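Since the structure comes first, as structure tokens, the remarks are kept for the end.
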Amino acid sequence: MDEVIRNPAHGRPGTRVPRETVIPPPRIRLTKADRIRKSDTFREILSDGRRWHETHMTMVYRAFSRRQVGFAVSKHTGNAVVRNRMKRRMRELFRQRQHEIGPFQIVFLARKGLDRTDFQKLRREFDRFLRGSGVMT
RNA sequence: UACGAUGGACGGACGGUCGCGUCCCGUUGAGAGCGGGAUGAGGAAAGUCCGAACUCCACAGGGCAGGGCGCUUCGGAAAUCGAAGGCGUUUCGGCUCCGAUUCGUCGGAGCCGGGGCGACGGAAAGUGCCACAGAAAAGAUACCGCCCGCCUAAGGCGGGUAAGGGUGAAAAGGCGAGGUAAGAGCUCACCGGUCCGGCGGUGACGCCGGACGCAGGGUAAACCCCGCCCGGAGCAAGGCCAAAUAGACGAGGAGCGCACAACCGGCUUGCCGGAUGCGCGGGGAAUGGCCCGUUCCCCUUGACUCGCGGGUAGGCCGCACGAUUUCGGCGGUGACGCCGGAACCAGAUAAAUGACCGUCCUCCCGUCACGGCGGGAGACAGAAUUCGGCUUACAGUUCAUCGUAUGAG
RNA sequence: GUGGGUAUAGCUCAGCCGGUUAGAGCGUCAGGUUGUGGCCCUGAAGGCCGAGGGUUCGAGUCCCUCUACUCACC
């Protein structure tokens with residue numbers, strides 16, 4: 001199962017499997033329906049959700065009927081380009097491993113330096129959250 | 001060739017894997033999902049400093065107040081916008097003249113050419129202000145001086161003068177010569193200025209000639225005067241649909257009071273409950289001479305039910321074919337305009353345009369065999385109703401003009 | 001997104017219509033008073049007036065451009 005969920009793009013060059021033998025992996029898409037898009041919902045989660053702190057981001061989460069995610073960046077962290085990049089990187093982290101996560105609502109809060117940090121480091125931080133917080137299935 | 005200034009252009013390229021928004025097509029009962037295709041940030045998208053389109057509100061007309069703008073002509077829908085020109089100023093180069101000279105040059109003035117800068121109407125319409133210093137800061141005055149006269153000396157007094165010194169940001173045309181007791185446009189040449197006339201130019205303005213010894217400081221990004229312009233708010237404009245909760249309005253309406261002969265039920269046997277009958281506050285109008293009354297209308301009290309207007313969350317429209325982009329031709333010094341052809345070119349809303357990898361390109365650092373190798377970096381910055389400008393940020397590449405240095409002819 | 005406001009000493013604020021040295025309170029430091037500390041008294045230090053240009057002889061003040069903070073509007 002683990003092998004299937006890993007994105008083939010993450011493999012080192014040369015280790016790619018020939019196309020014909022690949023079983024199509026489960027889709028790792030992330031559409032609008034999977035996003036939290038209401039101010040009220042954000043407020044509720046931020047007020048009564050549990051928190052998990054990492055160096056470059058904070059995760060706020062609570063149990064829910066299905067899997068939903070939202071991303072928030074404070075105005076103080078930088079200009080529009082920086083804030084957008086932070087959201088996109090957090091979204092990418094979540095997108096790639098979303099199928100390992102159970103029915104929870106999770107809000108990602110960006111912290112300083114998120115836009116400049118190496119993506120592999122962010123992956124390790126996110127992995128620590130997944131293993132430590134109990135949101136995995 | 002290098003460096004600097006100003007202005008213009010570009011602002012990483014190609015490919016792979018996994019994804020995102022919008023639109024179209026197919027599938028489908030279906031606008032869900034799935035499959036396919038197309039398309040998807042900028043020169044500043046930014047700041048919000050100007051100007052518009054568009055929308056709503058207000059609006060006879062005119063004036064005042066308030067605000068904005070300000071050389072000329074042209075362009076433009078308009079603009080604290082652009083182009084060309086004028087004038088001023090500054091800088092560089094060249095030439096001419098004057099003065100000084102240690103004969104190397106230095107200083108000043110003018111002309112020509114190139115570049116930069118200029119919120120550039122009016123200071124003889126009026127008012128205000130010009131600190132300190134200085135004699136004096138505006139239609140004035142004499143501190144040190146200079147000269148003349150008088151008083152016995154030191155010096156003082158009276159008068160003349162504004163060339164020299166001194167103060168200041170600024171001192172009443174500049175400079176040279178003549179002149180004089182010393183001086184002064186007192187006189188003269190040149191330069192500057194004011195006025196008048198002529199010529200050239202659409203015009204700002206320029207040129208020429210004449211007159212006037214000069215008729216008078218700065219500040220209007222001080223009040224102000226003159227000319228021109230300006231209604232207010234902004235897509236969170238504005239329109240449509242419309243949960244939940246509270247409340248408004250309309251309709252229905254249980255209800256309350258009194259009586260209780262007969263009827264039903266209970267029992268303490270004359271009371272209670274049901275049923276039944278009658279009634280239920282205030283105001284106005286009509287009828288009428290007036291009152292009672294009657295009729296009609298309005299207001300008030302009322303669980304609950306239904307209907308309904310406004311409207312919040314939320315959704316939809318506005319919302320992308322336009323002062324559009326691009327190619328060619330023509331006109332114009334140019335901004336730009338005209339004609340013809342072609343194109344459709346983002347539409348999100350906790351807000352898409354990304355993540356990772358490879359090859360190459362550019363730059364930096366290290367190494368050295370001078371061409372590779374290793375490492376690092378690729379700026380400023382993200383549409384939010386839409387345009388036209390301005391301003392600010394910006395790694396690197398490149399073009400043009402000018403200047404400086406060096407080299408070659 | 002739109003429309004306003006503010007920035008002056010470590011902190012909270014004055015500074016008029018440009019003018020010579022930018023003030024006040026609290027705080028800080030030093031001295032005095034006290035057996036010691038506080039209160040109190042005396043004195044001192046501390047500011048390129050948010051940044052950069054411009055107008056002017058002269059700018060905290062006037063004009064322009066930026067920066068930061070802040071308020072209002074669905």
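Chain labels follow the order of the structure tokens: the first chain is A, the next B, and so on; residue numbering restarts at 1 in every chain, and ligands are counted from 1 in their shown order.
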* Interface list for chain A, partner chain B, 9 Å threshold, only C-alpha atoms (C1' of nucleotides), as a ChimeraX atom specification -> /A:7-10,12-13,28-31,35-39,42,70-72,79-81,84-85,88-89,92-93,95-96,119
* Any idea what the distance is between C1' of U391 (chain B) and C1' of G53 (chain C)? ->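 Going from C1' of U391 (chain B) over to C1' of G53 (chain C), I get 13.3 Å.
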* Would you mind reading off the distance between CA of Thr55 (chain A) and CA of Gly102 (chain A), one decimal, in Å? =>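 Rounded to one decimal, the two atoms are 23.7 Å apart.
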* Asked: What's the 9 Å shell around region 236-249 of chain B, counting only C-alpha atoms (C1' of nucleotides), without same-chain residues fewer than 5 positions away, as a list in words?
  ->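 Near region 236-249 of chain B, the qualifying residues are U55, C56, C308, G309, A313, G314, G315, C316, C317 and G318 of chain B; G1, U2, C73 and C74 of chain C.
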Residue selection dump (C-alpha atoms (C1' of nucleotides)) as a JSON list (two decimals), in the first residue's frame:
[["chain", "number", "residue", "atom", "x", "y", "z"],
["B", 55, "U", "C1'", -23.62, 52.43, -11.57],
["B", 56, "C", "C1'", -26.66, 54.75, -7.88],
["B", 308, "C", "C1'", -47.00, 38.53, 3.26],
["B", 309, "G", "C1'", -43.36, 43.12, 2.71],
["B", 313, "A", "C1'", -25.71, 34.61, 6.24],
["B", 314, "G", "C1'", -25.23, 32.53, 1.50],
["B", 315, "G", "C1'", -25.85, 32.42, -3.90],
["B", 316, "C", "C1'", -26.42, 34.68, -8.94],
["B", 317, "C", "C1'", -25.81, 38.92, -12.22],
["B", 318, "G", "C1'", -22.71, 43.20, -12.84],
["C", 1, "G", "C1'", -11.24, 47.06, -2.61],
["C", 2, "U", "C1'", -12.49, 52.22, -1.29],
["C", 73, "C", "C1'", -17.27, 51.16, 5.33],
["C", 74, "C", "C1'", -20.09, 44.62, 3.25]]
* Might you pull out every residue within 12 Å of Lys121 (chain A), with only C-alpha atoms (C1' of nucleotides) counted and same-chain residues fewer than 5 positions away left off, and present them as a list of chain:residue names? => A:Glu54, A:Thr55, A:His56, A:Met57, A:Arg89, A:Leu93, A:Gly113, A:Leu114, A:Asp115, A:Arg116, A:Phe126, A:Asp127, A:Arg128
Just the selected residues (C-alpha atoms), exported as a PDB file, in the first residue's frame, please.
ATOM      1  CA  GLU A  54       6.209  22.567  13.917  1.00  0.00           C
ATOM      2  CA  THR A  55       9.077  24.954  13.017  1.00  0.00           C
ATOM      3  CA  HIS A  56       7.487  26.375   9.889  1.00  0.00           C
ATOM      4  CA  MET A  57       3.789  25.704  10.425  1.00  0.00           C
ATOM      5  CA  ARG A  89       3.541  24.588  -0.568  1.00  0.00           C
ATOM      6  CA  LEU A  93       2.293  18.745   1.307  1.00  0.00           C
ATOM      7  CA  GLY A 113      10.495  31.076   6.659  1.00  0.00           C
ATOM      8  CA  LEU A 114       8.035  28.642   5.115  1.00  0.00           C
ATOM      9  CA  ASP A 115       8.538  30.084   1.645  1.00  0.00           C
ATOM     10  CA  ARG A 116      12.345  29.716   1.679  1.00  0.00           C
ATOM     11  CA  PHE A 126       4.609  17.128   8.030  1.00  0.00           C
ATOM     12  CA  ASP A 127       5.504  13.474   8.521  1.00  0.00           C
ATOM     13  CA  ARG A 128       6.175  14.125  12.217  1.00  0.00           C
TER      14      ARG A 128
END
* All residues 6 Å or closer to region 62-66 of chain A, only C-alpha atoms (C1' of nucleotides), same chain fewer than 5 positions away omitted, as an MDAnalysis selection string -> chainID A and resid 49 103:105
Please save N, CA and C atoms of the selected residues as a short mmCIF file (atom, residue, chain, number, x, y, z; two decimals), in the first residue's frame.
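Resulting contents of result_12.cif:
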data_model
loop_
_atom_site.label_atom_id
_atom_site.label_comp_id
_atom_site.auth_asym_id
_atom_site.auth_seq_id
_atom_site.Cartn_x
_atom_site.Cartn_y
_atom_site.Cartn_z
N GLY A 49 -10.24 23.52 18.03
CA GLY A 49 -9.45 22.42 17.52
C GLY A 49 -8.19 22.18 18.34
N PRO A 103 -10.90 11.02 8.71
CA PRO A 103 -11.89 12.08 8.59
C PRO A 103 -11.66 13.19 9.61
N PHE A 104 -10.85 14.14 9.23
CA PHE A 104 -10.55 15.28 10.11
C PHE A 104 -10.66 16.57 9.33
N GLN A 105 -10.99 17.65 10.04
CA GLN A 105 -10.83 18.99 9.48
C GLN A 105 -9.50 19.53 9.98
#
* To do: Would you list the contacts of C69 (chain C) as JSON, numbers by chain, taking every protein, DNA or RNA residue within 12 Å and counting only C-alpha atoms (C1' of nucleotides), but skipping same-chain residues closer than 5 positions in sequence?
  => {"C": [5, 6, 7, 50]}
Any chance you can output those residues with N, CA and C atoms (P, O5', C5', C4', C3', O3' and C1' of nucleotides) as a tab-separated table (two decimals), in the first residue's frame?
chain	number	residue	atom	x	y	z
C	5	G	P	-6.97	63.07	5.94
C	5	G	O5'	-6.50	62.53	7.36
C	5	G	C5'	-7.21	62.91	8.53
C	5	G	C4'	-6.77	62.07	9.72
C	5	G	C3'	-5.30	62.20	10.09
C	5	G	O3'	-5.04	63.35	10.86
C	5	G	C1'	-5.92	59.92	10.07
C	6	U	P	-3.60	64.09	10.78
C	6	U	O5'	-2.65	63.11	11.60
C	6	U	C5'	-2.82	62.94	13.00
C	6	U	C4'	-1.98	61.80	13.51
C	6	U	C3'	-0.47	61.96	13.36
C	6	U	O3'	0.08	62.76	14.39
C	6	U	C1'	-1.11	59.79	12.67
C	7	A	P	1.45	63.57	14.13
C	7	A	O5'	2.55	62.42	14.15
C	7	A	C5'	2.79	61.67	15.33
C	7	A	C4'	3.74	60.52	15.06
C	7	A	C3'	5.20	60.92	14.84
C	7	A	O3'	6.06	59.95	15.43
C	7	A	C1'	4.41	59.76	12.95
C	50	G	P	9.14	63.46	12.16
C	50	G	O5'	9.42	61.95	11.73
C	50	G	C5'	10.16	61.07	12.56
C	50	G	C4'	10.53	59.83	11.80
C	50	G	C3'	11.24	60.09	10.47
C	50	G	O3'	12.63	60.26	10.65
C	50	G	C1'	9.44	58.60	10.12
* How would you write, as an NGL selection string, the set of residues in chain A that DSSP gives as strand (DSSP E or B)? -> :A and (35 or 50-53 or 57-63 or 68-72 or 101 or 104-110 or 136)
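Using only C-alpha atoms for every distance, the candidate list A:Ile101, A:Val73, A:Met90, A:Leu109 yields A:Met90 as the residue closest to Leu122 (chain A).
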* Would you please give, as a ChimeraX atom specification, all residues of region 21-129 of chain A that DSSP assigns to helix (DSSP H, G or I) based on the backbone? => /A:21,32-34,39-48,75-77,80-96,98-100,119-129
* Would you kindly return, as a PyMOL selection string, each protein, DNA or RNA residue with an atom no farther than 12 Å from any atom of Gly132 (chain A), considering only C-alpha atoms (C1' of nucleotides) and excluding same-chain residues fewer than 6 positions away? => chain A and resi 51-54+59+125-126
Pull N, CA and C atoms from the residues just selected and write them as a PDB file, in the first residue's frame.
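New file out-v4.pdb:
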ATOM      1  N   ARG A  51      -4.050  21.537  18.570  1.00  0.00           N
ATOM      2  CA  ARG A  51      -2.958  22.178  17.821  1.00  0.00           C
ATOM      3  C   ARG A  51      -1.694  21.345  17.880  1.00  0.00           C
ATOM      4  N   TRP A  52      -0.968  21.364  16.748  1.00  0.00           N
ATOM      5  CA  TRP A  52       0.319  20.683  16.664  1.00  0.00           C
ATOM      6  C   TRP A  52       1.299  21.667  16.037  1.00  0.00           C
ATOM      7  N   HIS A  53       2.380  21.975  16.765  1.00  0.00           N
ATOM      8  CA  HIS A  53       3.312  23.010  16.315  1.00  0.00           C
ATOM      9  C   HIS A  53       4.560  22.405  15.702  1.00  0.00           C
ATOM     10  N   GLU A  54       4.935  22.911  14.535  1.00  0.00           N
ATOM     11  CA  GLU A  54       6.209  22.567  13.917  1.00  0.00           C
ATOM     12  C   GLU A  54       6.984  23.868  13.678  1.00  0.00           C
ATOM     13  N   MET A  59      -0.524  23.072  12.825  1.00  0.00           N
ATOM     14  CA  MET A  59      -1.718  22.392  12.339  1.00  0.00           C
ATOM     15  C   MET A  59      -2.803  22.438  13.416  1.00  0.00           C
ATOM     16  N   GLU A 125       8.761  17.569   8.491  1.00  0.00           N
ATOM     17  CA  GLU A 125       7.925  18.177   9.531  1.00  0.00           C
ATOM     18  C   GLU A 125       6.499  17.652   9.442  1.00  0.00           C
ATOM     19  N   PHE A 126       5.981  17.582   8.234  1.00  0.00           N
ATOM     20  CA  PHE A 126       4.609  17.128   8.030  1.00  0.00           C
ATOM     21  C   PHE A 126       4.477  15.664   8.441  1.00  0.00           C
TER      22      PHE A 126
END
* Using only C-alpha atoms, which of the listed residues (A:His76, A:Arg83, A:Arg124, A:Arg131) sits closest to Glu100 (chain A)? ->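 Ranking A:His76, A:Arg83, A:Arg124, A:Arg131 by distance to Glu100 (chain A), first place goes to A:Arg131.
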